[in-house]
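For reference, work17.cif (mmCIF, C-alpha atoms and all ligand atoms):
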```
data_input
#
loop_
_atom_site.label_atom_id
_atom_site.label_comp_id
_atom_site.auth_asym_id
_atom_site.auth_seq_id
_atom_site.Cartn_x
_atom_site.Cartn_y
_atom_site.Cartn_z
CA MET A 171 0.00 0.00 0.00
CA LEU A 172 1.14 3.51 -0.72
CA ILE A 173 1.67 5.88 2.19
CA TYR A 174 0.30 9.20 0.99
CA GLY A 175 2.36 11.85 2.77
CA LYS A 176 0.37 14.60 1.08
CA GLN A 177 -2.87 13.42 2.66
CA VAL A 178 -1.38 12.78 6.12
CA SER A 179 0.28 16.19 5.93
CA ALA A 180 -2.97 17.95 4.93
CA ASN A 181 -4.83 16.34 7.85
CA LEU A 182 -2.11 17.41 10.30
CA ARG A 183 -2.02 20.96 8.94
CA ALA A 184 -5.75 21.31 9.51
CA LYS A 185 -5.23 20.29 13.16
CA ILE A 186 -2.26 22.66 13.53
CA ALA A 187 -4.34 25.52 12.07
CA ASP A 188 -7.03 24.90 14.73
CA LYS A 189 -4.43 24.99 17.51
CA VAL A 190 -2.85 28.16 16.08
CA ASN A 191 -6.27 29.74 16.19
CA ASP A 192 -6.70 28.71 19.86
CA PHE A 193 -3.23 30.05 20.66
CA GLU A 194 -4.00 33.42 19.07
CA SER A 195 -7.33 33.67 20.92
CA SER A 196 -5.74 33.04 24.31
CA MET A 197 -2.37 34.78 23.87
CA GLY A 198 -3.38 37.69 21.65
CA ARG A 199 -0.62 36.96 19.16
CA LYS A 200 0.25 34.43 16.46
CA PRO A 201 3.13 31.92 16.76
CA CYS A 202 6.01 33.34 14.71
CA LEU A 203 8.74 31.63 12.67
CA ALA A 204 11.82 33.57 11.45
CA VAL A 205 13.67 32.14 8.44
CA ILE A 206 17.16 33.21 7.37
CA ILE A 207 18.53 32.41 3.93
CA VAL A 208 21.96 33.27 2.55
CA GLY A 209 22.77 33.10 -1.17
CA GLU A 210 20.82 32.23 -4.28
CA ASP A 211 20.62 28.42 -4.28
CA PRO A 212 17.35 27.72 -6.17
CA ALA A 213 16.43 24.62 -4.11
CA SER A 214 16.97 26.51 -0.83
CA LYS A 215 14.89 29.43 -2.12
CA THR A 216 12.04 27.05 -2.99
CA TYR A 217 12.22 25.40 0.46
CA VAL A 218 12.10 28.82 2.16
CA LYS A 219 9.17 29.94 0.01
CA ASN A 220 7.29 26.75 0.92
CA LYS A 221 8.02 27.28 4.63
CA ILE A 222 6.70 30.86 4.49
CA ASN A 223 3.62 29.70 2.55
CA GLY A 224 3.11 26.88 5.08
CA CYS A 225 3.05 29.44 7.92
CA ALA A 226 0.40 31.48 6.09
CA GLU A 227 -1.66 28.34 5.44
CA VAL A 228 -1.96 27.52 9.16
CA GLY A 229 -2.32 31.17 10.26
CA MET A 230 1.17 31.67 11.71
CA LYS A 231 3.29 34.78 11.36
CA SER A 232 6.59 34.48 9.50
CA LEU A 233 9.60 36.73 9.07
CA SER A 234 12.09 36.26 6.28
CA PHE A 235 15.68 37.56 6.17
CA GLU A 236 17.48 37.20 2.84
CA TYR A 237 21.20 37.87 2.49
CA PRO A 238 23.43 37.69 -0.58
CA ASP A 239 26.33 35.23 -0.66
CA GLY A 240 29.23 37.30 0.70
CA GLU A 241 27.25 39.04 3.44
CA PRO A 242 29.60 39.36 6.44
CA GLN A 243 28.96 36.48 8.87
CA GLN A 244 28.76 38.96 11.75
CA ASN A 245 25.66 40.60 10.23
CA ILE A 246 23.91 37.24 10.08
CA ALA A 247 25.02 36.49 13.65
CA ASP A 248 23.61 39.89 14.74
CA THR A 249 20.24 39.05 13.14
CA ILE A 250 20.10 35.66 14.89
CA ASN A 251 21.03 37.28 18.23
CA SER A 252 18.35 39.92 17.84
CA LEU A 253 15.71 37.27 16.92
CA ALA A 254 16.88 35.20 19.89
CA ASN A 255 16.07 38.15 22.18
CA ASP A 256 12.82 39.08 20.43
CA ASP A 257 9.91 37.95 22.61
CA GLY A 258 7.55 37.84 19.62
CA VAL A 259 9.66 35.24 17.77
CA ASP A 260 9.11 31.56 18.64
CA GLY A 261 11.24 29.75 16.07
CA ILE A 262 14.46 30.59 14.22
CA LEU A 263 15.57 28.61 11.20
CA VAL A 264 18.75 29.05 9.17
CA GLN A 265 18.25 27.44 5.77
CA LEU A 266 21.03 24.90 5.12
CA PRO A 267 23.38 24.41 3.46
CA LEU A 268 24.97 27.85 3.80
CA PRO A 269 27.29 28.96 0.98
CA LYS A 270 30.99 28.07 1.35
CA GLY A 271 32.90 30.19 3.85
CA TYR A 272 30.20 30.47 6.53
CA ASP A 273 30.61 28.65 9.83
CA GLU A 274 27.35 26.70 9.96
CA SER A 275 27.79 25.26 13.44
CA TYR A 276 28.75 28.64 14.91
CA LEU A 277 25.66 30.35 13.45
CA LEU A 278 23.37 27.49 14.52
CA SER A 279 24.84 27.63 18.04
CA LEU A 280 23.44 31.18 18.40
CA ILE A 281 19.85 29.87 18.19
CA PRO A 282 18.55 29.22 21.72
CA ASP A 283 17.30 25.65 22.30
CA SER A 284 13.81 26.98 22.99
CA LYS A 285 13.66 28.50 19.46
CA ASP A 286 15.50 25.68 17.64
CA VAL A 287 12.49 24.49 15.63
CA ASP A 288 14.71 22.37 13.36
CA GLY A 289 15.78 20.31 16.40
CA PHE A 290 19.44 20.47 15.32
CA SER A 291 20.98 21.79 18.56
CA PRO A 292 23.20 19.49 20.63
CA ASN A 293 20.76 19.81 23.53
CA ASN A 294 17.72 18.88 21.46
CA LEU A 295 19.54 15.97 19.79
CA GLY A 296 20.92 14.88 23.19
CA ARG A 297 17.49 14.93 24.80
CA LEU A 298 16.17 12.72 21.99
CA ALA A 299 19.07 10.30 22.55
CA MET A 300 18.18 10.18 26.25
CA GLY A 301 14.56 9.32 25.47
CA ASN A 302 13.29 12.68 26.70
CA PRO A 303 12.79 14.64 23.46
CA ARG A 304 11.77 18.29 23.24
CA THR A 305 12.12 19.52 19.66
CA VAL A 306 12.83 16.76 17.13
CA SER A 307 14.29 17.16 13.64
CA CYS A 308 11.41 17.67 11.20
CA THR A 309 12.03 14.96 8.58
CA PRO A 310 12.44 12.00 10.99
CA LEU A 311 9.49 13.28 13.01
CA GLY A 312 7.47 13.31 9.79
CA VAL A 313 8.50 9.70 9.11
CA MET A 314 7.26 8.65 12.58
CA ASN A 315 3.89 10.24 11.79
CA LEU A 316 3.73 8.34 8.50
CA LEU A 317 4.54 5.08 10.31
CA ALA A 318 1.82 5.84 12.86
CA ASP A 319 -0.60 6.35 9.99
CA THR A 320 -0.03 2.75 8.79
CA GLY A 321 -1.51 1.53 12.09
CA VAL A 322 1.30 -1.05 12.39
CA ASP A 323 2.60 -1.71 15.92
CA LEU A 324 6.30 -0.76 15.80
CA GLN A 325 7.24 -2.47 19.04
CA GLY A 326 9.85 -5.22 18.60
CA LYS A 327 10.20 -4.68 14.85
CA ASN A 328 13.62 -4.82 13.17
CA ALA A 329 14.20 -1.31 11.88
CA VAL A 330 17.12 -0.55 9.59
CA VAL A 331 18.11 3.05 8.83
CA LEU A 332 20.39 3.72 5.86
CA GLY A 333 22.27 6.97 6.50
CA ARG A 334 23.66 8.51 9.68
CA SER A 335 23.46 12.27 9.15
CA ASN A 336 22.81 14.40 12.24
CA THR A 337 19.67 15.81 10.61
CA VAL A 338 18.00 12.61 9.34
CA GLY A 339 19.68 9.23 9.96
CA LYS A 340 20.72 9.62 13.61
CA PRO A 341 17.51 11.24 14.94
CA MET A 342 15.53 8.70 12.87
CA ALA A 343 17.35 5.82 14.55
CA MET A 344 16.78 7.33 17.99
CA LEU A 345 13.05 7.85 17.36
CA LEU A 346 12.67 4.22 16.26
CA LEU A 347 14.65 3.06 19.29
CA ASN A 348 12.41 5.16 21.55
CA ALA A 349 9.44 3.43 19.86
CA ASN A 350 10.90 0.07 20.99
CA CYS A 351 12.18 -1.09 17.61
CA THR A 352 15.44 -3.02 17.37
CA VAL A 353 17.49 -0.57 15.33
CA THR A 354 20.46 -1.01 13.00
CA VAL A 355 22.12 2.01 11.39
CA CYS A 356 24.00 1.45 8.12
CA HIS A 357 26.26 3.91 6.31
CA SER A 358 28.78 4.14 3.49
CA ARG A 359 31.31 1.92 5.31
CA THR A 360 28.82 -0.85 6.19
CA VAL A 361 30.04 -4.24 4.93
CA GLY A 362 27.35 -6.55 3.50
CA LEU A 363 24.62 -3.91 3.48
CA GLU A 364 22.06 -6.24 1.85
CA GLU A 365 22.27 -8.68 4.77
CA PHE A 366 20.97 -5.91 7.01
CA THR A 367 18.36 -4.49 4.66
CA ARG A 368 16.89 -7.96 3.97
CA LYS A 369 16.20 -8.42 7.68
CA ALA A 370 14.36 -5.11 8.02
CA ASP A 371 10.66 -5.06 8.91
CA ILE A 372 10.98 -1.29 8.61
CA LEU A 373 13.53 0.15 6.19
CA VAL A 374 14.19 3.90 6.20
CA VAL A 375 16.50 5.09 3.44
CA ALA A 376 18.20 8.50 3.64
CA ILE A 377 21.44 8.40 1.65
CA GLY A 378 20.98 10.69 -1.35
CA LYS A 379 21.69 7.98 -3.98
CA PRO A 380 19.02 7.68 -6.68
CA LYS A 381 17.17 4.32 -6.76
CA PHE A 382 19.93 2.67 -4.67
CA VAL A 383 17.70 0.18 -2.83
CA THR A 384 16.33 -2.46 -5.19
CA GLY A 385 13.72 -5.20 -4.74
CA ASP A 386 16.29 -7.94 -4.06
CA MET A 387 17.53 -5.97 -1.00
CA VAL A 388 14.11 -5.87 0.68
CA LYS A 389 12.25 -8.41 2.81
CA GLU A 390 8.77 -9.51 1.69
CA GLY A 391 6.18 -7.41 3.57
CA ALA A 392 8.59 -4.72 4.76
CA ILE A 393 7.54 -1.12 5.36
CA VAL A 394 9.81 1.00 3.17
CA ILE A 395 10.24 4.73 3.79
CA ASP A 396 12.14 6.66 1.15
CA VAL A 397 13.54 9.96 2.46
CA GLY A 398 15.77 10.61 -0.56
CA ILE A 399 15.16 13.48 -2.91
CA ASN A 400 17.23 13.27 -6.08
CA ARG A 401 16.85 14.95 -9.43
CA VAL A 402 17.72 12.70 -12.38
CA GLU A 403 17.33 14.09 -15.89
CA GLY A 404 15.01 16.78 -14.54
CA LYS A 405 12.75 14.30 -12.69
CA LEU A 406 12.51 13.75 -8.95
CA CYS A 407 13.23 10.29 -7.58
CA GLY A 408 14.03 8.77 -4.23
CA ASP A 409 16.81 6.54 -2.90
CA VAL A 410 14.56 3.51 -3.46
CA ASP A 411 13.91 1.89 -6.83
CA PHE A 412 10.13 2.14 -6.48
CA ASP A 413 9.26 -0.21 -9.37
CA SER A 414 11.21 -3.20 -8.05
CA VAL A 415 10.56 -2.59 -4.32
CA GLU A 416 6.84 -1.74 -4.36
CA PRO A 417 5.66 -5.33 -5.18
CA LYS A 418 7.49 -6.67 -2.09
CA ALA A 419 6.62 -3.93 0.39
CA SER A 420 3.53 -3.94 2.63
CA PHE A 421 3.71 -0.13 2.74
CA ILE A 422 5.91 2.24 0.76
CA THR A 423 6.25 6.02 0.38
CA PRO A 424 6.36 7.46 -3.14
CA VAL A 425 8.77 10.22 -4.21
CA PRO A 426 7.48 12.87 -4.63
CA GLY A 427 4.43 12.90 -2.35
CA GLY A 428 5.71 10.71 0.51
CA VAL A 429 8.08 12.02 3.16
CA GLY A 430 8.65 15.40 1.47
CA PRO A 431 5.27 17.02 2.31
CA MET A 432 5.67 16.01 5.98
CA THR A 433 8.88 17.94 6.66
CA ILE A 434 7.41 21.45 6.51
CA THR A 435 4.29 20.31 8.36
CA MET A 436 6.52 19.12 11.22
CA LEU A 437 8.32 22.49 11.16
CA LEU A 438 4.95 24.20 11.66
CA TYR A 439 4.17 21.75 14.45
CA ASN A 440 7.54 22.43 16.13
CA THR A 441 6.98 26.20 15.88
CA LEU A 442 3.54 25.90 17.47
CA CYS A 443 4.97 23.75 20.29
CA ALA A 444 7.82 26.24 20.82
CA ALA A 445 5.30 29.10 21.07
CA VAL A 446 3.16 27.22 23.60
CA ASP A 447 6.22 26.19 25.68
CA ARG A 448 7.57 29.73 25.73
CA GLU A 449 4.24 31.13 26.93
CA LEU A 450 3.92 28.39 29.61
CA ASN A 451 7.46 29.14 30.84
CA LYS A 452 6.51 32.78 31.42
CA ARG A 453 3.91 31.73 33.99
P1 LIG B 1 23.88 13.32 4.00
O1 LIG B 1 24.14 14.27 5.10
O2 LIG B 1 24.64 13.44 2.72
O3 LIG B 1 24.10 11.85 4.59
C1 LIG B 1 24.03 10.74 3.74
C2 LIG B 1 24.23 9.49 4.56
O4 LIG B 1 24.11 8.38 3.71
C3 LIG B 1 25.63 9.41 5.22
O5 LIG B 1 25.48 8.96 6.53
C4 LIG B 1 26.36 8.39 4.34
O6 LIG B 1 27.29 7.60 5.05
C5 LIG B 1 25.21 7.51 3.88
N1 LIG B 1 25.53 6.85 2.62
C6 LIG B 1 25.98 7.42 1.48
N2 LIG B 1 26.17 6.47 0.54
C7 LIG B 1 25.81 5.30 1.10
C8 LIG B 1 25.80 3.96 0.63
N3 LIG B 1 26.18 3.66 -0.61
N4 LIG B 1 25.38 3.00 1.46
C9 LIG B 1 24.97 3.29 2.72
N5 LIG B 1 24.99 4.54 3.23
C10 LIG B 1 25.40 5.52 2.41
O7 LIG B 1 22.34 13.31 3.56
P2 LIG B 1 20.99 13.68 4.40
O8 LIG B 1 20.96 15.14 4.64
O9 LIG B 1 20.84 12.75 5.54
O10 LIG B 1 19.90 13.37 3.29
C11 LIG B 1 19.77 12.08 2.71
C12 LIG B 1 18.75 12.16 1.59
O11 LIG B 1 17.50 12.59 2.13
C13 LIG B 1 19.08 13.15 0.48
O12 LIG B 1 18.58 12.66 -0.74
C14 LIG B 1 18.29 14.40 0.87
O13 LIG B 1 17.97 15.21 -0.24
C15 LIG B 1 17.06 13.76 1.44
N6 LIG B 1 16.33 14.61 2.41
C16 LIG B 1 15.00 14.69 2.25
C17 LIG B 1 14.25 15.43 3.13
C18 LIG B 1 12.77 15.48 2.95
O14 LIG B 1 12.13 16.40 3.41
N7 LIG B 1 12.18 14.47 2.28
C19 LIG B 1 14.87 16.10 4.18
C20 LIG B 1 16.25 15.97 4.35
C21 LIG B 1 16.97 15.21 3.45
P3 LIG B 1 28.62 8.20 5.73
O15 LIG B 1 28.16 8.85 7.01
O16 LIG B 1 29.47 7.01 5.95
O17 LIG B 1 29.19 9.19 4.77
#
```

Can I see the file as structure tokens?
Amino acid sequence: MLIYGKQVSANLRAKIADKVNDFESSMGRKPCLAVIIVGEDPASKTYVKNKINGCAEVGMKSLSFEYPDGEPQQNIADTINSLANDDGVDGILVQLPLPKGYDESYLLSLIPDSKDVDGFSPNNLGRLAMGNPRTVSCTPLGVMNLLADTGVDLQGKNAVVLGRSNTVGKPMAMLLLNANCTVTVCHSRTVGLEEFTRKADILVVAIGKPKFVTGDMVKEGAIVIDVGINRVEGKLCGDVDFDSVEPKASFITPVPGGVGPMTITMLLYNTLCAAVDRELNKR
């Protein structure tokens, strides 16, 4: 069966919009997300536009700060610091990757944990690892929502995650572990990758290699989640070879229309949660 991320995402956005409305009624202000983009990368510009449009769709306020490649790093740091101290701002997001020459981890370190709606900060990642999450990275959180939508009990399942990035693979593995799966993480140095993938009841692929996972690498009846977004000859495709894997999978996400639509929805969710938490902490 196909897992329709678009539909799951639309249902969640409707719920988020209701909660945003409640928040505004009781707090007299809208939750607010600030987005910073540096340079002219077309994909990054599209992502930022979609994030701003997502905010409008659920009734949130957004602020956008656009800098040319070459803008002194200190100016960007000053903007983050001023947003960090701005009581009306709930979430701060720096669109990655930054152009060459900028110190990504330094700039991200200026975002306070309470406004880190991407869930990238060491504290937020550490809390997830300790089984006490606060803000969780949007894409893996979206995957957990898609898995929940299948209705399958995750407990005790063999989950295999391909990829170990700090933004997708690692938080994904920790979320599955917290959901009581038995988790294996594979990466570019894994020897005998297929032996692991063939044992997976749940296979999450986030490696950035077009159509890498083929039908012979997948167990009959597995749930297959394709996080990859690749452009091949102008067309989008995932890290999973959909045509050969789909007949074996019990559930599978398409690309596009699977995991992708969930990521921004989870960003909106994280921003709403950050706004609520910040207001509660004032009391
Ligand atoms: P990344 O930072 O480049 O990490 C890729 C990971 O894949 C690394 O851990 C790497 O291993 C591993 N890898 C590479 N080749 C491999 C191979 N042949 N076998 C096994 N593992 C291999 O990428 P990312 O940011 O995690 O993103 C992964 C994919 O997801 C990309 O296609 C990206 O566009 C997509 N993505 C989609 C969304 C969404 O909203 N749908 C969001 C984020 C990312 P090493 O650590 O050993 O190098």

Give me, as an MDAnalysis selection string, all polymer residues having an atom no more than 6 Å from range 422-430 of chain A, counting only C-alpha atoms and skipping those fewer than 6 positions away in the same chain. chainID A and resid 172:176 393:397 407:408

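If you count all atoms listed in the file and draw a sphere of 7 Å around (17.4, 3.9, 10.4), the protein and nucleic acid residues inside it come out as Ala329, Val330, Val331, Leu332, Gly333, Gly339, Met342, Ala343, Val353, Thr354, Val355, Leu373 and Val374 of chain A.
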
Next, write the just-selected residues to a file, as a short mmCIF file (atom, residue, chain, number, x, y, z; two decimals), keeping the file's coordinate frame, keeping C-alpha atoms as the atom set.
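Saved as again-v1.cif:
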```cif
data_model
loop_
_atom_site.label_atom_id
_atom_site.label_comp_id
_atom_site.auth_asym_id
_atom_site.auth_seq_id
_atom_site.Cartn_x
_atom_site.Cartn_y
_atom_site.Cartn_z
CA ALA A 329 14.20 -1.31 11.88
CA VAL A 330 17.12 -0.55 9.59
CA VAL A 331 18.11 3.05 8.83
CA LEU A 332 20.39 3.72 5.86
CA GLY A 333 22.27 6.97 6.50
CA GLY A 339 19.68 9.23 9.96
CA MET A 342 15.53 8.70 12.87
CA ALA A 343 17.35 5.82 14.55
CA VAL A 353 17.49 -0.57 15.33
CA THR A 354 20.46 -1.01 13.00
CA VAL A 355 22.12 2.01 11.39
CA LEU A 373 13.53 0.15 6.19
CA VAL A 374 14.19 3.90 6.20
#
```

Excluding range 182-188 of chain A and any residue of its chain fewer than 5 positions from it, enumerate the residues within 7 Å of it, using only C-alpha atoms, and give them as number ranges by chain. A: 228-229, 435, 439

Would you give me, as a tab-separated table, each residue of chain A having an atom within 6 Å of an atom of ligand LIG 1 (chain B), along with its shortest atom pair and that distance in Å to one decimal, using only C-alpha atoms and all ligand atoms and sorting by chain and residue number?
```
residue	atom	partner	partner_atom	distance
A:Thr309	CA	B:LIG1	C19	5.4
A:Leu332	CA	B:LIG1	N5	5.4
A:Gly333	CA	B:LIG1	O4	3.6
A:Arg334	CA	B:LIG1	O5	3.7
A:Ser335	CA	B:LIG1	O9	4.5
A:Val338	CA	B:LIG1	O9	4.7
A:Gly339	CA	B:LIG1	O9	5.8
A:Cys356	CA	B:LIG1	C9	5.8
A:His357	CA	B:LIG1	N5	3.4
A:Ser358	CA	B:LIG1	C10	3.8
A:Arg359	CA	B:LIG1	O16	5.5
A:Ala376	CA	B:LIG1	C11	4.0
A:Ile377	CA	B:LIG1	O4	3.4
A:Gly378	CA	B:LIG1	O12	3.2
A:Val397	CA	B:LIG1	N7	4.7
A:Gly398	CA	B:LIG1	O12	3.5
A:Ile399	CA	B:LIG1	O12	4.1
A:Asn400	CA	B:LIG1	O12	5.5
A:Val429	CA	B:LIG1	N7	4.9
A:Gly430	CA	B:LIG1	N7	3.7
A:Thr433	CA	B:LIG1	O14	4.8
```

Non-local contacts of range 440-451 of chain A (8 Å; only C-alpha atoms; under 3 positions in same chain excluded) as a list of chain:residue names: A:Ile186, A:Val190, A:Phe193, A:Pro201, A:Cys202, A:Leu203, A:Asp260, A:Gly261, A:Ser284, A:Lys285, A:Val287, A:Asp288, A:Thr305, A:Val306, A:Cys308, A:Met436, A:Leu437

Please produce a file of the residues just selected, as a PDB file, in the frame of the given file, where the atoms kept are C-alpha atoms.
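The file below, part_19.pdb, is the result:
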```pdb
ATOM      1  CA  ILE A 186      -2.260  22.660  13.530  1.00  0.00           C
ATOM      2  CA  VAL A 190      -2.850  28.160  16.080  1.00  0.00           C
ATOM      3  CA  PHE A 193      -3.230  30.050  20.660  1.00  0.00           C
ATOM      4  CA  PRO A 201       3.130  31.920  16.760  1.00  0.00           C
ATOM      5  CA  CYS A 202       6.010  33.340  14.710  1.00  0.00           C
ATOM      6  CA  LEU A 203       8.740  31.630  12.670  1.00  0.00           C
ATOM      7  CA  ASP A 260       9.110  31.560  18.640  1.00  0.00           C
ATOM      8  CA  GLY A 261      11.240  29.750  16.070  1.00  0.00           C
ATOM      9  CA  SER A 284      13.810  26.980  22.990  1.00  0.00           C
ATOM     10  CA  LYS A 285      13.660  28.500  19.460  1.00  0.00           C
ATOM     11  CA  VAL A 287      12.490  24.490  15.630  1.00  0.00           C
ATOM     12  CA  ASP A 288      14.710  22.370  13.360  1.00  0.00           C
ATOM     13  CA  THR A 305      12.120  19.520  19.660  1.00  0.00           C
ATOM     14  CA  VAL A 306      12.830  16.760  17.130  1.00  0.00           C
ATOM     15  CA  CYS A 308      11.410  17.670  11.200  1.00  0.00           C
ATOM     16  CA  MET A 436       6.520  19.120  11.220  1.00  0.00           C
ATOM     17  CA  LEU A 437       8.320  22.490  11.160  1.00  0.00           C
TER      18      LEU A 437
END
```

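The gap separating CA of Asp319 in chain A from CA of Asn181 in chain A is 11.1 Å, in Å to one decimal.
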
Would you work out the distance separating CA of Ile281 in chain A from CA of Pro212 in chain A, expressed in Å to one decimal? 24.6 Å
